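K.L.:
Okay, so here is target_36.cif, and as you'll see once you scroll down, it has mmCIF, C-alpha atoms.
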```cif
data_entry
#
loop_
_atom_site.label_atom_id
_atom_site.label_comp_id
_atom_site.auth_asym_id
_atom_site.auth_seq_id
_atom_site.Cartn_x
_atom_site.Cartn_y
_atom_site.Cartn_z
CA MET Q 1 -27.32 25.52 61.59
CA ALA Q 2 -25.00 26.78 64.28
CA PRO Q 3 -21.69 25.02 63.70
CA SER Q 4 -20.44 23.00 66.60
CA GLY Q 5 -17.11 23.70 68.23
CA GLU Q 6 -15.60 26.29 70.48
CA TRP Q 7 -15.90 30.02 70.04
CA ALA Q 8 -13.40 32.65 71.07
CA ASP Q 9 -13.41 36.44 71.16
CA VAL Q 10 -10.40 38.05 69.55
CA THR Q 11 -9.50 41.70 70.11
CA ARG Q 12 -7.24 43.82 67.97
CA ALA Q 13 -6.14 47.30 69.07
CA VAL Q 14 -5.20 50.13 66.71
CA HIS Q 15 -4.19 53.74 67.23
CA PHE Q 16 -4.91 56.81 65.18
CA SER Q 17 -4.46 60.55 65.64
CA ALA Q 18 -7.12 63.00 64.63
CA GLY Q 19 -8.55 66.42 65.27
CA HIS Q 20 -12.09 67.30 66.32
CA ARG Q 21 -14.28 69.59 68.33
CA LEU Q 22 -17.55 68.86 70.08
CA SER Q 23 -20.47 70.81 68.74
CA SER Q 24 -24.01 69.76 68.04
CA PRO Q 25 -26.28 71.18 65.35
CA HIS Q 26 -29.16 70.64 67.79
CA LEU Q 27 -27.70 73.22 70.17
CA SER Q 28 -27.21 76.98 70.03
CA GLU Q 29 -23.75 78.57 70.07
CA ALA Q 30 -24.15 79.43 73.77
CA GLU Q 31 -25.41 75.96 74.65
CA ASN Q 32 -22.57 74.33 72.74
CA GLN Q 33 -20.06 76.40 74.67
CA ARG Q 34 -21.72 75.71 78.02
CA ILE Q 35 -22.16 71.95 77.53
CA TYR Q 36 -18.90 71.08 75.80
CA GLY Q 37 -16.63 73.62 77.50
CA GLN Q 38 -13.03 73.32 76.34
CA CYS Q 39 -14.01 70.46 73.99
CA TYR Q 40 -15.86 73.05 71.87
CA ARG Q 41 -12.46 74.35 70.76
CA TRP Q 42 -10.56 72.55 68.00
CA HIS Q 43 -8.21 69.98 69.51
CA GLY Q 44 -7.08 66.40 68.90
CA HIS Q 45 -6.28 63.06 70.44
CA ASN Q 46 -4.20 59.95 70.00
CA TYR Q 47 -7.12 57.58 69.87
CA LEU Q 48 -7.04 53.92 70.84
CA VAL Q 49 -9.65 51.64 69.26
CA GLU Q 50 -10.18 48.04 70.33
CA VAL Q 51 -12.26 45.85 68.07
CA THR Q 52 -13.47 42.48 69.32
CA VAL Q 53 -14.75 39.83 66.93
CA SER Q 54 -16.02 36.41 67.78
CA GLY Q 55 -15.37 33.28 65.77
CA LEU Q 56 -15.32 29.52 65.82
CA ILE Q 57 -11.85 28.18 66.58
CA ASP Q 58 -10.73 26.43 63.41
CA PRO Q 59 -9.44 22.99 64.48
CA GLU Q 60 -6.77 23.03 61.75
CA THR Q 61 -5.32 26.50 62.31
CA GLY Q 62 -6.27 27.01 65.97
CA MET Q 63 -7.51 30.49 65.05
CA ALA Q 64 -10.93 32.05 65.61
CA THR Q 65 -10.39 34.81 63.09
CA ASP Q 66 -7.99 35.74 60.34
CA LEU Q 67 -5.99 38.46 62.09
CA GLU Q 68 -4.45 39.65 58.86
CA ALA Q 69 -7.89 40.11 57.28
CA LEU Q 70 -9.09 41.86 60.43
CA GLY Q 71 -6.08 44.17 60.26
CA GLU Q 72 -6.83 44.95 56.61
CA THR Q 73 -10.47 45.65 57.46
CA LEU Q 74 -9.42 48.03 60.23
CA GLN Q 75 -7.00 49.76 57.89
CA ALA Q 76 -9.39 50.15 54.95
CA GLY Q 77 -12.63 50.54 56.91
CA LEU Q 78 -11.41 52.80 59.66
CA LEU Q 79 -7.82 54.07 59.69
CA ASP Q 80 -7.74 55.19 56.05
CA LEU Q 81 -10.79 57.30 56.81
CA VAL Q 82 -9.86 58.87 60.14
CA ASP Q 83 -6.09 58.83 60.74
CA HIS Q 84 -4.61 62.32 60.66
CA GLN Q 85 -7.93 63.77 59.62
CA ASP Q 86 -10.47 66.21 60.99
CA LEU Q 87 -13.15 63.87 62.36
CA ASP Q 88 -15.92 66.41 61.99
CA GLU Q 89 -15.15 66.66 58.27
CA VAL Q 90 -14.74 62.94 57.49
CA LEU Q 91 -17.69 61.87 59.68
CA PRO Q 92 -20.40 64.37 58.78
CA LYS Q 93 -23.61 64.28 60.83
CA THR Q 94 -21.71 62.72 63.75
CA THR Q 95 -21.20 64.48 67.05
CA THR Q 96 -17.67 63.20 67.61
CA THR Q 97 -17.97 62.40 71.29
CA GLY Q 98 -16.44 59.09 72.39
CA GLU Q 99 -19.96 57.68 72.40
CA GLY Q 100 -20.63 58.93 68.87
CA LEU Q 101 -17.34 57.51 67.58
CA ALA Q 102 -17.96 54.07 69.16
CA LEU Q 103 -21.35 53.92 67.39
CA VAL Q 104 -20.13 55.13 64.01
CA PHE Q 105 -17.07 52.84 64.07
CA TRP Q 106 -19.39 49.92 64.87
CA ARG Q 107 -21.50 50.77 61.80
CA LEU Q 108 -18.46 51.22 59.56
CA LEU Q 109 -16.88 47.92 60.61
CA SER Q 110 -19.92 45.66 60.98
CA THR Q 111 -20.70 45.92 57.25
CA ARG Q 112 -17.16 44.79 56.37
CA LEU Q 113 -16.85 41.93 58.85
CA PRO Q 114 -18.52 38.49 58.65
CA PRO Q 115 -22.21 38.99 59.62
CA GLY Q 116 -22.76 38.85 63.38
CA SER Q 117 -19.06 38.51 64.20
CA LEU Q 118 -18.49 42.00 65.63
CA ARG Q 119 -18.82 41.85 69.41
CA ARG Q 120 -17.54 45.17 70.75
CA VAL Q 121 -15.94 48.45 69.76
CA ALA Q 122 -14.06 50.42 72.42
CA VAL Q 123 -12.72 53.94 71.93
CA GLU Q 124 -10.31 55.75 74.25
CA GLU Q 125 -9.67 59.45 73.71
CA THR Q 126 -7.21 59.49 76.60
CA PRO Q 127 -6.23 56.75 79.04
CA LYS Q 128 -8.77 58.25 81.44
CA ASN Q 129 -11.90 57.94 79.27
CA ARG Q 130 -13.24 54.82 77.60
CA PHE Q 131 -16.39 54.40 75.47
CA GLU Q 132 -17.75 51.01 74.47
CA TYR Q 133 -20.56 49.72 72.26
CA ALA Q 134 -21.46 46.04 72.13
CA GLY Q 135 -24.51 46.18 69.87
CA GLU Q 136 -27.03 46.48 72.69
CA MET Q 137 -30.25 48.49 72.38
CA ALA Q 138 -32.09 50.22 75.22
CA PRO Q 139 -35.28 48.33 76.12
CA MET U 29 -34.89 52.37 70.50
CA ALA U 30 -31.48 53.76 71.24
CA GLU U 31 -28.09 52.12 71.38
CA LEU U 32 -26.68 51.47 74.86
CA VAL U 33 -23.14 52.75 75.24
CA TYR U 34 -20.74 52.15 78.15
CA VAL U 35 -18.66 55.09 79.36
CA THR U 36 -15.74 54.46 81.71
CA LYS U 37 -13.67 57.02 83.56
CA ARG U 38 -10.45 56.17 85.38
CA PHE U 39 -9.14 57.65 88.62
CA THR U 40 -6.43 56.89 91.15
CA PHE U 41 -6.27 57.44 94.88
CA SER U 42 -3.80 56.50 97.58
CA ALA U 43 -4.85 55.06 100.88
CA ALA U 44 -3.61 53.00 103.80
CA HIS U 45 -5.32 50.04 105.45
CA ARG U 46 -4.77 46.89 107.43
CA TYR U 47 -6.77 43.70 107.84
CA TRP U 48 -7.48 43.64 111.52
CA ARG U 49 -10.55 42.45 113.42
CA ARG U 50 -10.74 44.10 116.82
CA ALA U 51 -12.58 41.10 118.24
CA TRP U 52 -9.59 38.91 117.43
CA GLY U 53 -6.34 39.12 119.33
CA VAL U 54 -2.95 40.02 117.92
CA GLU U 55 -2.01 36.36 117.41
CA GLU U 56 -5.23 35.51 115.57
CA ASN U 57 -5.04 38.58 113.28
CA ARG U 58 -1.41 37.85 112.39
CA ARG U 59 -2.14 34.18 111.84
CA ARG U 60 -5.16 34.83 109.59
CA PHE U 61 -3.96 37.86 107.63
CA GLY U 62 -0.16 37.59 107.70
CA PRO U 63 1.53 40.71 106.27
CA LEU U 64 -1.90 42.25 105.56
CA ALA U 65 -2.41 42.70 109.31
CA GLU U 66 0.25 45.43 109.32
CA VAL U 67 -0.67 48.96 108.22
CA HIS U 68 0.25 49.35 104.56
CA GLY U 69 -1.03 51.26 101.54
CA HIS U 70 -1.81 51.20 97.84
CA THR U 71 -2.30 53.47 94.89
CA TYR U 72 -5.75 52.28 93.96
CA ALA U 73 -6.95 52.48 90.36
CA LEU U 74 -10.69 53.09 90.14
CA GLU U 75 -12.81 52.71 87.01
CA VAL U 76 -16.41 53.90 87.10
CA THR U 77 -18.65 52.75 84.22
CA VAL U 78 -22.07 54.15 83.41
CA ARG U 79 -24.35 52.67 80.77
CA GLY U 80 -27.10 54.42 78.91
CA PRO U 81 -28.57 55.63 75.64
CA VAL U 82 -26.74 58.41 73.81
CA ASP U 83 -28.52 61.75 74.14
CA GLU U 84 -29.49 62.88 70.65
CA ALA U 85 -28.78 66.54 71.22
CA THR U 86 -25.41 66.24 72.95
CA GLY U 87 -24.11 62.91 71.62
CA MET U 88 -23.27 61.95 75.21
CA VAL U 89 -24.37 59.29 77.69
CA ILE U 90 -23.11 61.43 80.56
CA ASP U 91 -21.23 64.69 80.86
CA LEU U 92 -17.67 63.60 81.71
CA VAL U 93 -17.06 66.77 83.71
CA GLU U 94 -20.13 66.00 85.82
CA MET U 95 -18.86 62.44 86.31
CA LYS U 96 -15.38 63.65 87.30
CA THR U 97 -16.74 66.18 89.78
CA LEU U 98 -19.07 63.58 91.29
CA VAL U 99 -16.33 60.99 91.83
CA GLU U 100 -14.00 63.65 93.23
CA THR U 101 -16.53 64.96 95.75
CA GLU U 102 -18.20 61.67 96.71
CA VAL U 103 -15.30 59.23 96.58
CA LEU U 104 -11.86 60.82 96.32
CA ALA U 105 -12.48 63.50 98.96
CA ARG U 106 -13.41 60.70 101.34
CA LEU U 107 -10.81 58.05 100.49
CA ASP U 108 -7.74 59.74 98.96
CA HIS U 109 -4.77 59.95 101.34
CA ARG U 110 -6.78 58.42 104.19
CA TYR U 111 -6.44 55.50 106.54
CA LEU U 112 -9.40 53.39 105.42
CA ASN U 113 -9.80 51.62 108.76
CA GLU U 114 -10.81 54.98 110.25
CA ASP U 115 -13.69 55.44 107.78
CA PRO U 116 -17.10 54.86 109.43
CA ALA U 117 -17.90 52.32 106.68
CA PHE U 118 -15.11 50.14 108.03
CA SER U 119 -15.88 50.29 111.74
CA THR U 120 -16.96 46.64 111.59
CA GLU U 121 -16.20 45.53 108.02
CA LEU U 122 -12.64 45.02 106.82
CA PRO U 123 -11.41 47.48 104.14
CA THR U 124 -10.80 44.74 101.57
CA THR U 125 -10.81 45.61 97.88
CA GLU U 126 -14.27 44.03 97.67
CA ASN U 127 -15.66 46.15 100.51
CA VAL U 128 -14.05 49.37 99.26
CA ALA U 129 -15.64 48.70 95.84
CA ARG U 130 -19.02 48.19 97.58
CA LEU U 131 -18.60 51.45 99.50
CA ILE U 132 -17.80 53.33 96.28
CA TRP U 133 -20.93 51.84 94.68
CA ARG U 134 -23.03 52.97 97.66
CA LEU U 135 -21.58 56.49 97.43
CA LEU U 136 -22.15 56.84 93.68
CA SER U 137 -25.36 54.96 92.93
CA PRO U 138 -27.75 57.46 94.60
CA LYS U 139 -26.17 60.27 92.54
CA LEU U 140 -25.79 58.48 89.22
CA GLY U 141 -28.86 56.27 89.54
CA GLU U 142 -28.98 52.46 89.81
CA ASP U 143 -30.03 52.27 86.17
CA ARG U 144 -27.01 54.27 84.94
CA LEU U 145 -24.19 53.06 87.18
CA TRP U 146 -23.03 49.81 85.61
CA ARG U 147 -19.76 48.80 87.24
CA VAL U 148 -17.20 49.83 89.82
CA ARG U 149 -13.79 48.29 89.10
CA LEU U 150 -11.21 48.75 91.81
CA ALA U 151 -7.59 47.62 91.45
CA GLU U 152 -5.42 47.50 94.54
CA GLU U 153 -2.45 46.96 92.25
CA PRO U 154 -2.13 46.21 88.53
CA THR U 155 -2.33 42.43 89.02
CA PHE U 156 -5.49 42.34 91.14
CA TRP U 157 -8.87 44.00 90.79
CA VAL U 158 -12.50 43.57 91.82
CA ASP U 159 -15.61 44.26 89.74
CA TYR U 160 -18.84 45.15 91.53
CA HIS U 161 -22.16 45.52 89.70
CA GLY U 162 -24.29 46.41 92.72
CA PRO U 163 -26.42 44.33 95.05
CA ILE U 164 -29.22 43.48 92.59
CA ARG U 165 -27.45 42.09 89.52
#
```
Now that the file is in, can you turn its structure into structure tokens?

P.N.:
Amino acid sequence: MAPSGEWADVTRAVHFSAGHRLSSPHLSEAENQRIYGQCYRWHGHNYLVEVTVSGLIDPETGMATDLEALGETLQAGLLDLVDHQDLDEVLPKTTTTGEGLALVFWRLLSTRLPPGSLRRVAVEETPKNRFEYAGEMAP
Amino acid sequence: MAELVYVTKRFTFSAAHRYWRRAWGVEENRRRFGPLAEVHGHTYALEVTVRGPVDEATGMVIDLVEMKTLVETEVLARLDHRYLNEDPAFSTELPTTENVARLIWRLLSPKLGEDRLWRVRLAEEPTFWVDYHGPIR
């Protein structure tokens, strides 16, 4: 029952600032220090998150998604949880690497968005590093 | 089954080049390539993307320090502040953005692995870039 019409991907970007450190419960103190280096110390970032959702372009409104609703979802589902927080405290059991954050943000948002609409979550810790998850699984 | 995550690291390097085929004369080169036939340069923006499952112990697809060191030693040491036409890779091929992206792929893929290296994106300037996914995709 796929509706006919044209689909579009819509991306909304948000920023938040948070503290974290990289440390894994699977690793010893020495291993944590060796593998994560300076990231093992407490520090923080101005994070950029891009969330892409896909939707059918409504012929009446010309919109593929309700941007206001998406903004509210990002606020309640993500920013209220992480902005100006310690990520390791608010996201327990997550190693807060860029990879780990992309995956956990995907899980947090996909349950609040229309089923199947979430296409991609991108996380930038700094303009030099980007981490993306698009729902793909390794074969 | 593990989730596949894409990790991208950005770099810049500065290099000079010209579009000039030795086999062609001055007239032909100028006619075909216009201002690109003169020696000029760019601050290139390079994005290297690797794709893979997230390691359970470290939470990482790849160690970013390892990735940085690799790109610095394999790519930047060779191309940064160089005249690309003098690079052995461009003795016959022109150092176009496409061909520089292909060279960067060839330099990185043996080290990162064909299965991990996903994309080389090379921008000559902010309004123009080339994506290369390797010879097999």

K.L.:
Which is closest to Q:Leu101 among Q:Arg21, Q:Val53, Q:Leu70, Q:Val121, if we use all atoms listed in the file?

P.N.:
Q:Val121

K.L.:
Chain U residues within 10 Å of chain Q, counting only C-alpha atoms: which ones, as a VMD selection string?

P.N.:
chain U and resid 29 to 39 75 to 93

K.L.:
How about saving the chosen residues, C-alpha atoms kept, as an mmCIF file, in the frame of the given file?

P.N.:
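And here's out_22.cif as it stands now:
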```cif
data_model
loop_
_atom_site.group_PDB
_atom_site.id
_atom_site.type_symbol
_atom_site.label_atom_id
_atom_site.label_comp_id
_atom_site.auth_asym_id
_atom_site.auth_seq_id
_atom_site.Cartn_x
_atom_site.Cartn_y
_atom_site.Cartn_z
ATOM 1 C CA MET U 29 -34.890 52.370 70.500
ATOM 2 C CA ALA U 30 -31.480 53.760 71.240
ATOM 3 C CA GLU U 31 -28.090 52.120 71.380
ATOM 4 C CA LEU U 32 -26.680 51.470 74.860
ATOM 5 C CA VAL U 33 -23.140 52.750 75.240
ATOM 6 C CA TYR U 34 -20.740 52.150 78.150
ATOM 7 C CA VAL U 35 -18.660 55.090 79.360
ATOM 8 C CA THR U 36 -15.740 54.460 81.710
ATOM 9 C CA LYS U 37 -13.670 57.020 83.560
ATOM 10 C CA ARG U 38 -10.450 56.170 85.380
ATOM 11 C CA PHE U 39 -9.140 57.650 88.620
ATOM 12 C CA GLU U 75 -12.810 52.710 87.010
ATOM 13 C CA VAL U 76 -16.410 53.900 87.100
ATOM 14 C CA THR U 77 -18.650 52.750 84.220
ATOM 15 C CA VAL U 78 -22.070 54.150 83.410
ATOM 16 C CA ARG U 79 -24.350 52.670 80.770
ATOM 17 C CA GLY U 80 -27.100 54.420 78.910
ATOM 18 C CA PRO U 81 -28.570 55.630 75.640
ATOM 19 C CA VAL U 82 -26.740 58.410 73.810
ATOM 20 C CA ASP U 83 -28.520 61.750 74.140
ATOM 21 C CA GLU U 84 -29.490 62.880 70.650
ATOM 22 C CA ALA U 85 -28.780 66.540 71.220
ATOM 23 C CA THR U 86 -25.410 66.240 72.950
ATOM 24 C CA GLY U 87 -24.110 62.910 71.620
ATOM 25 C CA MET U 88 -23.270 61.950 75.210
ATOM 26 C CA VAL U 89 -24.370 59.290 77.690
ATOM 27 C CA ILE U 90 -23.110 61.430 80.560
ATOM 28 C CA ASP U 91 -21.230 64.690 80.860
ATOM 29 C CA LEU U 92 -17.670 63.600 81.710
ATOM 30 C CA VAL U 93 -17.060 66.770 83.710
#
```

K.L.:
Check which residues of stretch 52-88 of chain Q sit at most 10 Å from stretch 116-120 of chain Q using all atoms listed in the file, and return one row each with the closest pair of atoms and their distance in Å to one decimal, ordered by chain and rising number, as a Markdown table.

P.N.:
```
| residue | atom | partner | partner_atom | distance |
| --- | --- | --- | --- | --- |
| Q:Thr52 | CA | Q:Arg120 | CA | 5.1 |
| Q:Val53 | CA | Q:Leu118 | CA | 4.5 |
| Q:Ser54 | CA | Q:Ser117 | CA | 5.1 |
| Q:Gly55 | CA | Q:Ser117 | CA | 6.6 |
| Q:Leu56 | CA | Q:Ser117 | CA | 9.9 |
| Q:Thr65 | CA | Q:Ser117 | CA | 9.5 |
```

K.L.:
Within 7 Å of (-0.9, 41.5, 114.5), in the coordinates the file gives, what residues turn up when you count only C-alpha atoms, written out as a ChimeraX atom specification?

P.N.:
/U:54-55,57-58,65-66

K.L.:
From the options U:Val128, U:Leu107, U:Leu74, U:Leu122, which residue's atoms come nearest to U:Glu153, counting only C-alpha atoms?

P.N.:
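Looking only at the distances to U:Glu153, the closest residue turns out to be U:Leu74.
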
K.L.:
Between Q:Asp9, Q:Glu72, Q:Asp80, Q:Asp88, single out the one closest to Q:Ile57, counting only C-alpha atoms.

P.N.:
Q:Asp9

K.L.:
For atom CA of Q:Gly77 and atom CA of Q:Leu108, determine how far apart the two atoms are, in Å to one decimal place.

P.N.:
6.4 Å
